[in-house]
Every structure is written in C-alpha cells, then in structure tokens.
Amino acid sequence: MPTVDVTSTPLTPSARLKAALRLTRWLAAHGSDPAHAVVSFRTAEPMTYFAGGMPLTKYEDGTGEDRHARWASVVCHIHPDRDHTYRAELAEEIRESLGLAADTAHLMVRFEATQPDRVLYLESGSMTNGRPLPVGHSQAKGSHHAHS
C-alpha cells in the first residue's frame with residue numbers, strides 16, 4: 001500500500017485530482033494495486049516551511065489556490081524492496097505531476113520503507129494487511145489482549 005503525502009502551496013481541487021490520478025497510474029504501472037495507492041494533500045500554513053532558514057511559506061501565501069505548486073515537501077511510504085531507480089523515477093513523476101519547474105521551484109521527496117505487515121486497511125468489514133492469518137488465529141473482531 002504505497003502512500004504519497006504532499007505538503008505544498010495551495011492547489012486547486014482539479015490540480016490535486018489530476019496529480020493523484022497520475023501518481024496512482026504510475027504506481028499501478030510499477031506493480032502496486034491502484035485500489036491501495038493513497039495520495040493525500042495538505043496545504044502548508046504561512047511561515048511553517050523553511051529551506052536554508054528562509055520561509056517558503058510567507059504570510060500572503062494561502063490566499064489563493066493555483067494549478068501548479070510553487071514548492072512541495074513529499075513523504076512516500078513504499079515497500080522496502082523498491083530500489084534507487086524506482087525512487088528516482090517516482091520522485092520525477094511527483095515533480096511533473098505537481099507542475100514544479102526544475103529551475104524555479106523547491107521540492108523535497110523523502111522515502112520511508114514500510115513493511116507490508118505494518119500497514120492495515122479496511123476490507124470487507126475487517127482490518128487486514130492482505131496476508132492470510134497464521135494457523136490458529138481467529139477472524140473474530142477484537143482481541144482479548146486489546147485492553148490488557
């Protein structure tokens with residue numbers, strides 16, 4: 001279940017949708033189940049993101065949405081087996097999907113390797129990581145250890 005969490009200057013809803021669809025298609029083309037690919041967007045508050053000690057979010061930022069980000073900070077949670085080439089290509093796809101020009105924008109993409117068994121999602125009314133339960137474990141909801 002790869003996730004791409006984007007924090008950036010304000011983007012229009014259509015720009016977010018366009019970027020999310022493009023990234024989901026890229027992830028699917030590289031072996032991820034598109035139903036489990038998650039892309040989220042957060043708009044940075046003014047004076048909350050600094051590079052080299054200089055604010056990239058000034059007080060007047062946040063007053064209008066744009067079709068392209070002026071800067072972005074992105075965290076991607078991906079499978080630990082993904083190699084450098086995959087990461088570099090995904091970072092480039094993120095840059096392009098956000099409309100960041102290489103010479104005029106700031107972009108930082110951080111990758112965090114996440115083991116699949118550390119991610120649970122809701123499927124058919126139960127939380128699962130997509131793997132079968134070990135022998136002897138119950139499908140029953142809840143656990144007698146949950147409140148111990």
# chains A, B, ... in the order shown; residues from 1 in each chain; ligands from 1
call {"tool": "select_by_dssp", "arguments": {"residues": "region 23-108 of chain A", "states": "strand (DSSP E)", "output": "ChimeraX atom specification"}}
result
/A:38-43,50-51,54-55,71-78,106-108
call {"tool": "write_last_selection", "arguments": {"atoms": "C-alpha atoms", "output": "PDB file, in the first residue's frame"}}
result
ATOM      1  CA  VAL A  38      -3.104   6.576  -1.392  1.00  0.00           C
ATOM      2  CA  VAL A  39      -2.241  10.166  -2.346  1.00  0.00           C
ATOM      3  CA  SER A  40      -3.023  12.942   0.132  1.00  0.00           C
ATOM      4  CA  PHE A  41      -2.563  16.710   0.034  1.00  0.00           C
ATOM      5  CA  ARG A  42      -2.024  19.245   2.785  1.00  0.00           C
ATOM      6  CA  THR A  43      -1.651  22.965   2.341  1.00  0.00           C
ATOM      7  CA  PHE A  50      11.687  26.877   5.719  1.00  0.00           C
ATOM      8  CA  ALA A  51      14.639  25.956   3.476  1.00  0.00           C
ATOM      9  CA  MET A  54      14.260  31.192   4.654  1.00  0.00           C
ATOM     10  CA  PRO A  55      10.460  30.825   4.656  1.00  0.00           C
ATOM     11  CA  TRP A  71       7.109  24.220  -3.707  1.00  0.00           C
ATOM     12  CA  ALA A  72       6.358  20.867  -2.113  1.00  0.00           C
ATOM     13  CA  SER A  73       7.578  18.543   0.593  1.00  0.00           C
ATOM     14  CA  VAL A  74       6.586  14.936  -0.039  1.00  0.00           C
ATOM     15  CA  VAL A  75       6.834  11.777   2.065  1.00  0.00           C
ATOM     16  CA  CYS A  76       6.377   8.433   0.316  1.00  0.00           C
ATOM     17  CA  HIS A  77       5.808   5.196   2.205  1.00  0.00           C
ATOM     18  CA  ILE A  78       6.899   2.363  -0.080  1.00  0.00           C
ATOM     19  CA  HIS A 106      11.678  23.729  -4.346  1.00  0.00           C
ATOM     20  CA  LEU A 107      10.888  20.033  -3.964  1.00  0.00           C
ATOM     21  CA  MET A 108      11.997  17.518  -1.367  1.00  0.00           C
TER      22      MET A 108
END
call {"tool": "residues_around", "arguments": {"residues": "region 111-126 of chain A", "least_positions_apart": "6", "cutoff": "10 Å", "atoms": "only C-alpha atoms", "output": "PyMOL selection string"}}
result
chain A and resi 1-4+36+74-82+87+91+139-141
call {"tool": "atom_distance", "arguments": {"atom1": "CA of Glu92 (chain A)", "atom2": "CA of Trp26 (chain A)"}}
result
11.0 Å
call {"tool": "closest_residue", "arguments": {"among": "A:Ser8, A:Ala101, A:Pro46, A:Ala37", "to": "Arg25 (chain A)", "atoms": "only C-alpha atoms"}}
result
A:Ala37
call {"tool": "residues_around", "arguments": {"residues": "Ile94 (chain A)", "least_positions_apart": "6", "cutoff": "9 Å", "atoms": "only C-alpha atoms", "output": "compact mmCIF listing (two decimals) with all heavy atoms, in the first residue's frame"}}
result
# COMPACT_ATOMS: atom_id res chain seq x y z
N VAL A 4 1.59 8.52 -0.79
CA VAL A 4 2.31 9.72 -1.17
C VAL A 4 1.62 10.87 -0.46
O VAL A 4 0.46 11.18 -0.76
CB VAL A 4 2.30 9.93 -2.70
CG1 VAL A 4 3.02 11.21 -3.08
CG2 VAL A 4 2.90 8.73 -3.43
N ALA A 19 -3.11 15.30 -10.21
CA ALA A 19 -1.86 14.75 -9.68
C ALA A 19 -2.10 13.38 -9.05
O ALA A 19 -1.31 12.45 -9.26
CB ALA A 19 -1.25 15.72 -8.67
N ARG A 22 -2.60 10.77 -11.79
CA ARG A 22 -1.33 10.49 -12.49
C ARG A 22 -0.41 9.63 -11.63
O ARG A 22 0.18 8.66 -12.11
CB ARG A 22 -0.65 11.81 -12.85
CG ARG A 22 0.65 11.62 -13.58
CD ARG A 22 1.22 12.92 -14.06
NE ARG A 22 2.56 12.70 -14.60
CZ ARG A 22 3.16 13.52 -15.41
NH1 ARG A 22 2.58 14.64 -15.79
NH2 ARG A 22 4.37 13.24 -15.86
N LEU A 23 -0.29 9.96 -10.34
CA LEU A 23 0.58 9.19 -9.44
C LEU A 23 0.03 7.78 -9.23
O LEU A 23 0.80 6.81 -9.20
CB LEU A 23 0.76 9.92 -8.12
CG LEU A 23 1.59 11.20 -8.22
CD1 LEU A 23 1.53 11.98 -6.92
CD2 LEU A 23 3.03 10.89 -8.62
N VAL A 74 7.34 16.16 0.18
CA VAL A 74 6.59 14.94 -0.04
C VAL A 74 7.22 13.79 0.74
O VAL A 74 8.44 13.64 0.76
CB VAL A 74 6.55 14.58 -1.55
CG1 VAL A 74 5.75 13.31 -1.80
CG2 VAL A 74 5.99 15.75 -2.35
N LEU A 100 6.00 21.27 -11.02
CA LEU A 100 7.15 22.02 -10.50
C LEU A 100 8.25 22.10 -11.55
O LEU A 100 8.78 21.07 -11.99
CB LEU A 100 7.70 21.36 -9.23
CG LEU A 100 6.79 21.46 -8.02
CD1 LEU A 100 7.16 20.44 -6.97
CD2 LEU A 100 6.88 22.86 -7.44
N VAL A 109 11.62 15.13 -1.65
CA VAL A 109 10.87 13.88 -1.57
C VAL A 109 11.64 12.95 -0.64
O VAL A 109 12.82 12.68 -0.87
CB VAL A 109 10.69 13.23 -2.96
CG1 VAL A 109 9.92 11.92 -2.83
CG2 VAL A 109 10.01 14.18 -3.92
call {"tool": "decode", "arguments": {"residues": "region 105-121 of chain A", "atoms": "N, CA, C and O atoms", "output": "compact mmCIF listing (two decimals), in the first residue's frame"}}
result
# COMPACT_ATOMS: atom_id res chain seq x y z
N ALA A 105 11.49 26.00 -8.69
CA ALA A 105 10.71 25.51 -7.55
C ALA A 105 11.58 24.76 -6.56
O ALA A 105 12.72 24.40 -6.85
N HIS A 106 11.02 24.52 -5.39
CA HIS A 106 11.68 23.73 -4.35
C HIS A 106 10.87 22.45 -4.17
O HIS A 106 9.65 22.49 -4.04
N LEU A 107 11.56 21.31 -4.18
CA LEU A 107 10.89 20.03 -3.96
C LEU A 107 11.82 19.13 -3.17
O LEU A 107 13.00 18.99 -3.51
N MET A 108 11.27 18.53 -2.12
CA MET A 108 12.00 17.52 -1.37
C MET A 108 11.09 16.31 -1.26
O MET A 108 9.93 16.42 -0.85
N VAL A 109 11.62 15.13 -1.65
CA VAL A 109 10.87 13.88 -1.57
C VAL A 109 11.64 12.95 -0.64
O VAL A 109 12.82 12.68 -0.87
N ARG A 110 10.98 12.51 0.41
CA ARG A 110 11.60 11.58 1.36
C ARG A 110 10.88 10.24 1.26
O ARG A 110 9.65 10.18 1.23
N PHE A 111 11.66 9.17 1.21
CA PHE A 111 11.10 7.83 1.13
C PHE A 111 11.27 7.13 2.46
O PHE A 111 12.34 7.14 3.04
N GLU A 112 10.19 6.54 2.93
CA GLU A 112 10.22 5.75 4.15
C GLU A 112 9.78 4.33 3.80
O GLU A 112 8.66 4.12 3.34
N ALA A 113 10.71 3.39 3.99
CA ALA A 113 10.41 1.99 3.71
C ALA A 113 9.43 1.48 4.76
O ALA A 113 9.64 1.66 5.96
N THR A 114 8.37 0.86 4.30
CA THR A 114 7.33 0.36 5.21
C THR A 114 7.04 -1.10 4.88
O THR A 114 6.63 -1.41 3.76
N GLN A 115 7.25 -1.97 5.85
CA GLN A 115 6.94 -3.38 5.67
C GLN A 115 5.43 -3.54 5.50
O GLN A 115 4.66 -2.93 6.22
N PRO A 116 5.00 -4.37 4.55
CA PRO A 116 3.56 -4.55 4.32
C PRO A 116 2.80 -5.01 5.56
O PRO A 116 1.64 -4.64 5.73
N ASP A 117 3.43 -5.78 6.42
CA ASP A 117 2.71 -6.26 7.61
C ASP A 117 2.53 -5.17 8.66
O ASP A 117 1.87 -5.36 9.66
N ARG A 118 3.11 -3.98 8.42
CA ARG A 118 2.94 -2.84 9.33
C ARG A 118 1.81 -1.92 8.90
O ARG A 118 1.57 -0.89 9.53
N VAL A 119 1.12 -2.28 7.80
CA VAL A 119 0.02 -1.47 7.28
C VAL A 119 -1.24 -2.31 7.27
O VAL A 119 -1.27 -3.41 6.72
N LEU A 120 -2.27 -1.79 7.89
CA LEU A 120 -3.58 -2.46 7.88
C LEU A 120 -4.59 -1.55 7.19
O LEU A 120 -4.52 -0.33 7.31
N TYR A 121 -5.51 -2.15 6.46
CA TYR A 121 -6.57 -1.38 5.81
C TYR A 121 -7.88 -2.13 5.95
O TYR A 121 -7.91 -3.34 6.17
